[in-house]
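Single-structure report; data block below.
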Amino acid sequence: MNRTELQGKKVLVFGSGISGIGAVKLLEAVQACVVLYDGNEKLDRNDIAGKLPEGSTCEIILGELPGEVLSTLDLVVMSPGVPLDIPAVQKLKDAGIPVWGEVELAYRMGAGTVLAITGTNGKTTTTALLGEIMKAYAESVFVVGNIGNAYTGASLEMKDDSYTVAEISSFQLESTHTFKPEVSAILNITEDHLNRHHTMEEYIRVKELITANQTKENFCILNYEDEILRKFAESCPAKVVFFSSLHKLEEGIFLDGDKIVWKTEKESFVFAKTGELKLLGQHNYENVMAASAMAYCAGVPAEIIRKVIMAFTAVPHRIEFVEEIRGVAYYNDSKGTNPDAAIKGIQAMNRPTFLIGGGYDKESSYEEWIQSFDGKVKELVLIGQTREKIQKAAHACGFFHTVLAENLEEAVHICAEKAEPGDAVLLSPACASWGQFDNYEQRGDKFKEYVRALSR
């Protein structure tokens, strides 16, 4: 990868969010000539300019992209939030201009060994855990991507002996070309983001792109319990290592009773027992297995992995214990932004639960989530754009203990009034946060704020 290949080239960065600004900073650092473009003409140009580095010569264009700019461009770098099938992007492709994503740019400008994780659910916990393992093993480690640190922001600091642990979303994978992790993982694939990818087939295809440039000298960690991934293993270009929470595997990493076992033709040993971990729930044991397998395949000794996985605690907003008030335990699972993630949230509960759900509509179906309540949910309190849709699905599934609330604060008060000592209140919305909140973190922080106000 050559950091001088973009010197003097004219590059259009499409999208002015965090990723777009990160891309501009990286491109200017490698001496490209940058144009920052956003189709939203109502944005404040001065506000955008204020986020750019001091002395930036980047040109800012808002609204319609002038035709004369097209003829001068050498490259377009897409922000992950911008769909690739909109007319403005098609126009760029038709003009024969190469279109890279932010991950492609960061990868080409970076150095060292890349370990990359995708999947519908569990990415953040697995990425954070793998990041901690690698930090215990190596001097130079970067944890980047969808986890909140722009990949582009770290690229130029990377050296040949660096390790990059990257959480990669389907939006980011769509526009990769040469991206090649040493070890990749696809944790699971369930229905999500169909408003962007349109069909399940396309969503699966994009997720599998994480392995597109890998060879049998690289590794791909796959979930044996996921039918789609078991089938994909047959055509996967990398050497496949399975993890399993329900089957004892001939080769791979699996749960045997309370033991996390690694087994190959040459060796067999126990990484840890589930009772020694600080993480709760089967889905978290899967995350631990995936991270452990990735680290081991990257050459980290088992003893280092064992030490880190036993000390690791849950990431914020993922079945995060908030407080116990008057005998009622409150949990923040704001990162449960789709039904499958929210199923994991309810499965981890070991008390009768008041469940807060609802939010932005990503065109998901909610029946499977409701069917997973398994007698645990005393009441489902619904907020946001999807509240009537979910209530209708709940009633159709024979679950009638539903309440509609105006907002999250009211939902917390409803639960607090009705819950008895020994119950739990769980925010696990099965929906995105947009509309009422900027992101799931803000939603989770507000939930914690409202809960802590109860004890006052």
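By convention in this document, the chains of the structure tokens carry letters A, B, ... by their order, each chain's residues are numbered from 1, and ligands are numbered from 1 in the order they are shown.
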Distance query Ala29 of chain A at most 9 Å, only C-alpha atoms, self and fewer than 4 positions along chain excluded, as a PDB file with C-alpha atoms, in the first residue's frame:
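Resulting contents of part.pdb:
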```pdb
ATOM      1  CA  VAL A  24     -10.725  14.804   4.251  1.00  0.00           C
ATOM      2  CA  LYS A  25      -8.103  14.987   7.033  1.00  0.00           C
ATOM      3  CA  LEU A 156      -1.140   7.253   8.994  1.00  0.00           C
TER       4      LEU A 156
END
```
Which residues of segment 333-389 of chain A sit at most 9 Å from segment 281-290 of chain A, using only C-alpha atoms? Give each one's shortest atom pair and distance in Å (one decimal place), in chain and ascending residue order, as a Markdown table.
```
| residue | atom | partner | partner_atom | distance |
| --- | --- | --- | --- | --- |
| A:Lys344 | CA | A:His283 | CA | 6.4 |
| A:Gly345 | CA | A:Gly281 | CA | 8.6 |
| A:Gln347 | CA | A:Gly281 | CA | 7.4 |
| A:Ala348 | CA | A:Gly281 | CA | 4.9 |
| A:Met349 | CA | A:Gly281 | CA | 8.4 |
```
Taking the DSSP assignment computed from this structure's backbone, write out as number ranges by chain all residues of segment 152-346 of chain A that belong to strand (DSSP E). A: 163-167, 183-186, 219-223, 239-244, 252-256, 259-263, 268-273, 320-325, 328-332
Since we have the selection now, will you write its residues out, keeping N, CA and C atoms, as a short mmCIF file (atom, residue, chain, number, x, y, z; two decimals), in the first residue's frame?
```
data_model
loop_
_atom_site.label_atom_id
_atom_site.label_comp_id
_atom_site.auth_asym_id
_atom_site.auth_seq_id
_atom_site.Cartn_x
_atom_site.Cartn_y
_atom_site.Cartn_z
N TYR A 163 -1.17 -3.70 14.73
CA TYR A 163 -2.37 -4.52 14.55
C TYR A 163 -3.58 -3.60 14.56
N THR A 164 -4.43 -3.75 13.56
CA THR A 164 -5.67 -2.97 13.50
C THR A 164 -6.85 -3.91 13.70
N VAL A 165 -7.64 -3.64 14.72
CA VAL A 165 -8.87 -4.41 14.98
C VAL A 165 -10.02 -3.53 14.50
N ALA A 166 -10.72 -3.98 13.45
CA ALA A 166 -11.71 -3.12 12.79
C ALA A 166 -13.11 -3.73 12.84
N GLU A 167 -14.06 -2.95 13.36
CA GLU A 167 -15.47 -3.34 13.29
C GLU A 167 -16.03 -2.75 11.99
N VAL A 183 -7.12 -11.92 9.43
CA VAL A 183 -8.17 -12.75 10.04
C VAL A 183 -9.47 -11.96 9.97
N SER A 184 -10.53 -12.59 9.45
CA SER A 184 -11.85 -11.93 9.43
C SER A 184 -12.82 -12.77 10.25
N ALA A 185 -13.94 -12.17 10.61
CA ALA A 185 -15.00 -12.93 11.29
C ALA A 185 -16.35 -12.41 10.84
N ILE A 186 -17.27 -13.34 10.57
CA ILE A 186 -18.68 -12.98 10.35
C ILE A 186 -19.44 -13.67 11.49
N PHE A 219 -7.42 -16.42 7.64
CA PHE A 219 -8.46 -17.13 8.39
C PHE A 219 -9.78 -16.36 8.37
N CYS A 220 -10.89 -17.11 8.36
CA CYS A 220 -12.21 -16.51 8.55
C CYS A 220 -12.94 -17.29 9.65
N ILE A 221 -13.36 -16.59 10.69
CA ILE A 221 -14.05 -17.20 11.82
C ILE A 221 -15.56 -17.09 11.58
N LEU A 222 -16.25 -18.23 11.57
CA LEU A 222 -17.68 -18.25 11.26
C LEU A 222 -18.49 -18.94 12.36
N ASN A 223 -19.75 -18.52 12.48
CA ASN A 223 -20.66 -19.07 13.48
C ASN A 223 -21.32 -20.35 12.94
N LYS A 239 -9.27 -19.84 5.08
CA LYS A 239 -9.34 -21.06 5.90
C LYS A 239 -10.38 -20.82 6.99
N VAL A 240 -11.44 -21.62 7.02
CA VAL A 240 -12.55 -21.40 7.94
C VAL A 240 -12.29 -22.05 9.31
N VAL A 241 -12.56 -21.27 10.37
CA VAL A 241 -12.58 -21.80 11.74
C VAL A 241 -13.97 -21.51 12.30
N PHE A 242 -14.67 -22.54 12.72
CA PHE A 242 -16.01 -22.36 13.26
C PHE A 242 -15.97 -22.12 14.77
N PHE A 243 -16.96 -21.34 15.28
CA PHE A 243 -17.23 -21.35 16.72
C PHE A 243 -18.68 -21.82 16.91
N SER A 244 -18.94 -22.49 18.01
CA SER A 244 -20.28 -23.05 18.22
C SER A 244 -20.66 -23.04 19.70
N GLY A 252 -12.24 -26.49 15.83
CA GLY A 252 -12.76 -25.14 16.05
C GLY A 252 -12.81 -24.82 17.53
N ILE A 253 -13.65 -23.84 17.88
CA ILE A 253 -13.81 -23.44 19.28
C ILE A 253 -15.28 -23.59 19.65
N PHE A 254 -15.55 -24.21 20.79
CA PHE A 254 -16.96 -24.52 21.11
C PHE A 254 -17.19 -24.57 22.61
N LEU A 255 -18.48 -24.50 22.95
CA LEU A 255 -18.91 -24.59 24.34
C LEU A 255 -19.21 -26.04 24.65
N ASP A 256 -18.52 -26.58 25.65
CA ASP A 256 -18.78 -27.96 26.09
C ASP A 256 -19.17 -27.85 27.56
N LYS A 259 -17.39 -25.17 29.62
CA LYS A 259 -16.01 -24.96 29.16
C LYS A 259 -15.96 -24.42 27.73
N ILE A 260 -15.06 -23.46 27.51
CA ILE A 260 -14.80 -22.96 26.14
C ILE A 260 -13.57 -23.72 25.63
N VAL A 261 -13.79 -24.62 24.68
CA VAL A 261 -12.75 -25.56 24.24
C VAL A 261 -12.24 -25.20 22.85
N TRP A 262 -10.91 -25.24 22.68
CA TRP A 262 -10.27 -25.11 21.37
C TRP A 262 -9.79 -26.49 20.94
N LYS A 263 -10.13 -26.89 19.71
CA LYS A 263 -9.74 -28.23 19.29
C LYS A 263 -9.34 -28.26 17.81
N SER A 268 -5.76 -29.69 21.81
CA SER A 268 -7.06 -29.48 22.42
C SER A 268 -6.84 -28.92 23.82
N PHE A 269 -7.47 -27.79 24.13
CA PHE A 269 -7.34 -27.22 25.48
C PHE A 269 -8.55 -26.34 25.80
N VAL A 270 -8.67 -25.98 27.07
CA VAL A 270 -9.78 -25.14 27.54
C VAL A 270 -9.27 -23.71 27.70
N PHE A 271 -9.93 -22.75 27.00
CA PHE A 271 -9.57 -21.34 27.17
C PHE A 271 -10.01 -20.83 28.54
N ALA A 272 -11.27 -21.12 28.91
CA ALA A 272 -11.81 -20.65 30.19
C ALA A 272 -13.13 -21.36 30.45
N LYS A 273 -13.64 -21.22 31.66
CA LYS A 273 -14.99 -21.70 31.98
C LYS A 273 -15.92 -20.48 32.01
N GLU A 320 -26.19 -3.65 29.84
CA GLU A 320 -25.37 -2.97 30.85
C GLU A 320 -26.21 -2.77 32.11
N PHE A 321 -25.74 -3.32 33.22
CA PHE A 321 -26.45 -3.12 34.49
C PHE A 321 -26.34 -1.65 34.88
N VAL A 322 -27.48 -1.01 35.19
CA VAL A 322 -27.48 0.41 35.53
C VAL A 322 -27.54 0.60 37.04
N GLU A 323 -28.59 0.05 37.66
CA GLU A 323 -28.77 0.23 39.10
C GLU A 323 -29.89 -0.68 39.58
N GLU A 324 -29.88 -0.98 40.89
CA GLU A 324 -31.04 -1.67 41.47
C GLU A 324 -31.72 -0.67 42.39
N ILE A 325 -33.00 -0.42 42.13
CA ILE A 325 -33.77 0.55 42.92
C ILE A 325 -35.00 -0.15 43.48
N VAL A 328 -35.67 -3.57 42.20
CA VAL A 328 -35.86 -3.74 40.74
C VAL A 328 -34.53 -3.43 40.03
N ALA A 329 -34.05 -4.37 39.20
CA ALA A 329 -32.78 -4.19 38.48
C ALA A 329 -33.06 -3.56 37.11
N TYR A 330 -32.31 -2.51 36.78
CA TYR A 330 -32.47 -1.81 35.50
C TYR A 330 -31.28 -2.11 34.59
N TYR A 331 -31.59 -2.49 33.35
CA TYR A 331 -30.54 -2.83 32.37
C TYR A 331 -30.70 -2.00 31.10
N ASN A 332 -29.57 -1.50 30.60
CA ASN A 332 -29.55 -0.68 29.38
C ASN A 332 -28.99 -1.52 28.23
#
```
Select from segment 195-329 of chain A everything DSSP, run on the backbone, classes as helix (DSSP H, G or I), then give the selection as an NGL selection string. :A and (195-197 or 200-211 or 227-232 or 274-276 or 282-297 or 302-311)
From A:Val381, A:Val206, A:Ala295, A:Ala106, residue lying nearest Lys135 of chain A [only C-alpha atoms]: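 Once distances to Lys135 of chain A are computed over only C-alpha atoms, the minimum belongs to A:Ala295.
The interatomic distance for the pair atom CA of Lys9 of chain A and atom CA of Cys33 of chain A works out to 5.8 Å.
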Applying 9 Å and only C-alpha atoms, which residues near segment 75-85 of chain A remain after dropping the ones on its own chain fewer than 6 positions away? List them as a PyMOL selection string. chain A and resi 9-20+23+92+97-105+169-175+196-197
Could you work out how far atom CA of Glu441 of chain A lies from atom CA of Lys362 of chain A, giving the answer in Å with one decimal?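 We find that atom CA of Lys362 of chain A and atom CA of Glu441 of chain A lie 17.8 Å from each other.
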Which neighbours of segment 351-357 of chain A fall inside 8 Å, counting only C-alpha atoms, when residues of the same chain fewer than 2 positions from it are skipped, and could you give them as a list in words? Met349, Gly359, Lys376, Val377, Lys378, Glu379, Leu380, Val381, Leu382, Ile383, Arg387, Ala411, Val412, Cys415, Ala419, Gly422, Asp423, Ala424, Val425, Leu426, Leu427, Ser428, Pro429, Ala430 and Cys431 of chain A
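You will find atom CA of Leu246 of chain A at 24.3 Å from atom CA of Ala311 of chain A.
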Contacts of segment 52-120 of chain A with segment 37-48 of chain A up to 9 Å, shortest pair per row, only C-alpha atoms, as a tab-separated table:
```
residue	atom	partner	partner_atom	distance
A:Leu52	CA	A:Ile48	CA	7.0
A:Glu59	CA	A:Tyr37	CA	8.4
A:Ile60	CA	A:Tyr37	CA	6.0
A:Ile61	CA	A:Tyr37	CA	4.8
A:Leu62	CA	A:Glu41	CA	4.8
A:Gly63	CA	A:Glu41	CA	4.2
A:Glu64	CA	A:Gly39	CA	6.3
A:Leu65	CA	A:Gly39	CA	7.7
A:Ala88	CA	A:Gly39	CA	8.5
```
Preceding selection exported with N, CA, C and O atoms as a PDB file, in the first residue's frame:
```pdb
ATOM      1  N   LEU A  52     -12.885  21.108   9.783  1.00  0.00           N
ATOM      2  CA  LEU A  52     -11.715  20.730   8.964  1.00  0.00           C
ATOM      3  C   LEU A  52     -10.423  21.182   9.633  1.00  0.00           C
ATOM      4  O   LEU A  52     -10.428  22.097  10.461  1.00  0.00           O
ATOM      5  N   GLU A  59     -12.287  22.357  -0.806  1.00  0.00           N
ATOM      6  CA  GLU A  59     -13.440  23.086  -1.361  1.00  0.00           C
ATOM      7  C   GLU A  59     -14.717  22.385  -0.871  1.00  0.00           C
ATOM      8  O   GLU A  59     -14.783  21.151  -0.843  1.00  0.00           O
ATOM      9  N   ILE A  60     -15.730  23.152  -0.456  1.00  0.00           N
ATOM     10  CA  ILE A  60     -16.990  22.559   0.033  1.00  0.00           C
ATOM     11  C   ILE A  60     -18.095  22.849  -0.978  1.00  0.00           C
ATOM     12  O   ILE A  60     -18.318  24.010  -1.357  1.00  0.00           O
ATOM     13  N   ILE A  61     -18.780  21.790  -1.429  1.00  0.00           N
ATOM     14  CA  ILE A  61     -19.906  21.967  -2.366  1.00  0.00           C
ATOM     15  C   ILE A  61     -21.152  21.340  -1.737  1.00  0.00           C
ATOM     16  O   ILE A  61     -21.128  20.177  -1.309  1.00  0.00           O
ATOM     17  N   LEU A  62     -22.245  22.098  -1.675  1.00  0.00           N
ATOM     18  CA  LEU A  62     -23.512  21.588  -1.128  1.00  0.00           C
ATOM     19  C   LEU A  62     -24.597  21.624  -2.196  1.00  0.00           C
ATOM     20  O   LEU A  62     -24.575  22.479  -3.077  1.00  0.00           O
ATOM     21  N   GLY A  63     -25.541  20.683  -2.129  1.00  0.00           N
ATOM     22  CA  GLY A  63     -26.666  20.663  -3.085  1.00  0.00           C
ATOM     23  C   GLY A  63     -26.340  19.877  -4.335  1.00  0.00           C
ATOM     24  O   GLY A  63     -25.851  18.750  -4.268  1.00  0.00           O
ATOM     25  N   GLU A  64     -26.581  20.477  -5.492  1.00  0.00           N
ATOM     26  CA  GLU A  64     -26.348  19.806  -6.782  1.00  0.00           C
ATOM     27  C   GLU A  64     -24.845  19.798  -7.091  1.00  0.00           C
ATOM     28  O   GLU A  64     -24.164  20.804  -6.893  1.00  0.00           O
ATOM     29  N   LEU A  65     -24.333  18.670  -7.581  1.00  0.00           N
ATOM     30  CA  LEU A  65     -22.908  18.594  -7.940  1.00  0.00           C
ATOM     31  C   LEU A  65     -22.722  19.106  -9.367  1.00  0.00           C
ATOM     32  O   LEU A  65     -23.261  18.526 -10.317  1.00  0.00           O
ATOM     33  N   ALA A  88     -26.969  10.437  -7.795  1.00  0.00           N
ATOM     34  CA  ALA A  88     -25.711  11.214  -7.760  1.00  0.00           C
ATOM     35  C   ALA A  88     -24.493  10.296  -7.803  1.00  0.00           C
ATOM     36  O   ALA A  88     -23.489  10.608  -8.458  1.00  0.00           O
TER      37      ALA A  88
END
```
Might you pull out every residue within 12 Å of segment 140-143 of chain A, with only C-alpha atoms counted and same-chain residues fewer than 2 positions away left off, and present them as number ranges by chain? A: 110-117, 124-138, 145-168
